[in-house]
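S.K.: Questions regarding the structure given below will be posed in turn.
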Amino acid sequence: MATQHQGKTILCTWEIGGELGHISRYSAIVKALESDGHHVVLALKDLSRAYPFFCTTKATLMQAPVWLPKVTMQRPIACLADTLLCLGYLETDPLDCLVQAWESIVNSVKPDLMIFDYAPTAMIALRHTRIPKILIGTGFADPIPGRPIVDWRPYPQDDGLIARQEERVLQQVNAVLARRHQPTLAQLTDLFAVDRVVISTFPELDLYSERDNADYCTGPTAKLVDTPVKFASDARPRILAYLKPAHPNIELLVTALARCKANVFIACPKGPANLFTPHVSERFQFSNELVDLQGAMSEVDVFVGHGNASSVKESLVAGNPTVVLPIQLEQLLTGRKVQQAGFGVLVEKIPGLDEMVKLLNDVLMNGDAYRANIQGLLERHPAPRLCVAEAVENAVTQLLR
């Protein structure tokens, strides 16, 4: 990669959302951009887990402005606008303060280019600037400018709720822009108008799949750890499961996996060892530490997880059917896409133990049908497949010419 733009400063932002996906994406991006001589500044929502990802880089870490009061709704979150209304967009003055904080960061850093990962308030602060902008994400919270936001409800309704909530947020955003004597937005999604969009999944799994200008990145994600997945036996079929200890049915899921007709390895970081040890055998192994899931995907027959965009993508690239056990809304919507496309099974409500064992065995038995559908997907998106860091690196080089 050419390095004629050495010395440029790039500000990476992350404001909303959880899990390690945001940090791990940026970890790979930082290393790629530093190799081109750029200086990267990261304003991150959560610094508590950032050290291992950036300790070997020269990146500057900053705390992103975040909304601390807990605002809840009397119904489930239905759309992006709902999320924003709970995170500072309910009234003009608090939103103005958040925007001011982002403006202070930008004025301090003086970036030559901006990267946004679920950071809409940072996008308000940069709306009036000509600084090149790149948006990265999974598509879940990355709407298409000029079009309505997507209804996140599992069973969308034609009740006007999404449009009303979008209008409420738009009013607050426009009030903040008006205070700065800046042009207001015709639609909330106009806020997301950037120079490049990088989506880290297949178009078939994107909630806004009608994009016509995005770089879809289905190459390998950043490797988090070197610890390998180790099955006790070479016997097939094999199931690799990545479970969160906070899942309300974790004990039932572990027992079902132990009883199914497969050689099983469960990765459950920070999970209690006594949940797994009674099942340990030549057919059942576990780790309650982080392991290299990506490295093991090509050695298994089925992947069981919660529907995280990154792990689902890795499973599909390896040709594996996926069983999705969602914990939160984005995972549920990803699981619906997986099931509708015939790439695996969504388990919206955990059944009884015997039913869960049967479901796992049925997926193993029908694996060839799922793999045929997945093969069709891979043929539509043949290798070589770009990873997010490569796509961002290419975009930065082009935008800084």
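Labels used: A, B, ... for chains in the order of the structure tokens, numbers from 1 for residues in each chain, and numbers from 1 for ligands as shown.
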When you look at region 167-171 of chain A with a cut-off of 7 Å (counting only C-alpha atoms), what residues show up, excluding the ones that are within fewer than 4 positions of it in the same chain? I need them as a ChimeraX atom specification.

M.R.: /A:81,85,89,163,175,187-188

S.K.: Write the residues you've just listed into a file as a PDB file, in the first residue's frame, and include N, CA and C atoms for each of them.

M.R.:
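Wrote part.pdb, looks like this:
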ATOM      1  N   ALA A  81     -34.337   4.985  15.814  1.00  0.00           N
ATOM      2  CA  ALA A  81     -34.801   6.210  16.468  1.00  0.00           C
ATOM      3  C   ALA A  81     -35.093   5.958  17.945  1.00  0.00           C
ATOM      4  N   LEU A  85     -33.438   7.977  21.077  1.00  0.00           N
ATOM      5  CA  LEU A  85     -34.255   8.682  22.063  1.00  0.00           C
ATOM      6  C   LEU A  85     -33.889   8.269  23.488  1.00  0.00           C
ATOM      7  N   TYR A  89     -31.215  11.831  22.766  1.00  0.00           N
ATOM      8  CA  TYR A  89     -31.883  12.539  21.673  1.00  0.00           C
ATOM      9  C   TYR A  89     -33.323  12.927  22.009  1.00  0.00           C
ATOM     10  N   ALA A 163     -42.074   5.811  11.651  1.00  0.00           N
ATOM     11  CA  ALA A 163     -42.023   7.149  11.058  1.00  0.00           C
ATOM     12  C   ALA A 163     -42.171   8.232  12.127  1.00  0.00           C
ATOM     13  N   ALA A 175     -32.862  20.874  15.459  1.00  0.00           N
ATOM     14  CA  ALA A 175     -32.773  21.970  16.417  1.00  0.00           C
ATOM     15  C   ALA A 175     -31.313  22.251  16.779  1.00  0.00           C
ATOM     16  N   GLN A 187     -34.373  14.294   6.037  1.00  0.00           N
ATOM     17  CA  GLN A 187     -34.656  13.006   6.664  1.00  0.00           C
ATOM     18  C   GLN A 187     -33.548  12.672   7.636  1.00  0.00           C
ATOM     19  N   LEU A 188     -33.871  11.933   8.678  1.00  0.00           N
ATOM     20  CA  LEU A 188     -32.855  11.557   9.664  1.00  0.00           C
ATOM     21  C   LEU A 188     -31.702  10.817   9.004  1.00  0.00           C
TER      22      LEU A 188
END

S.K.: Could you pull out the residues in region 246-368 of chain A that DSSP calls helix (DSSP H, G or I) from the backbone, as a ChimeraX atom specification?

M.R.: /A:250-259,273-275,277-279,293-299,309-317,329-340,353-365,367-368

S.K.: Contacts of Leu293 (chain A) at 8 Å or less, counting only C-alpha atoms, minus same-chain residues fewer than 4 places along, as a count of residues only?

M.R.: 4

S.K.: List the spatial neighbours of Asp226 (chain A) as a PyMOL selection string - criterion: any atom at most 8 Å away, only C-alpha atoms, same-chain residues fewer than 3 positions off excluded.

M.R.: chain A and resi 223+291-292

S.K.: List the spatial neighbours of Ala222 (chain A) as a ChimeraX atom specification - criterion: any atom at most 10 Å away, only C-alpha atoms, same-chain residues fewer than 5 positions off excluded.

M.R.: /A:21,23-29,294,310,387-389
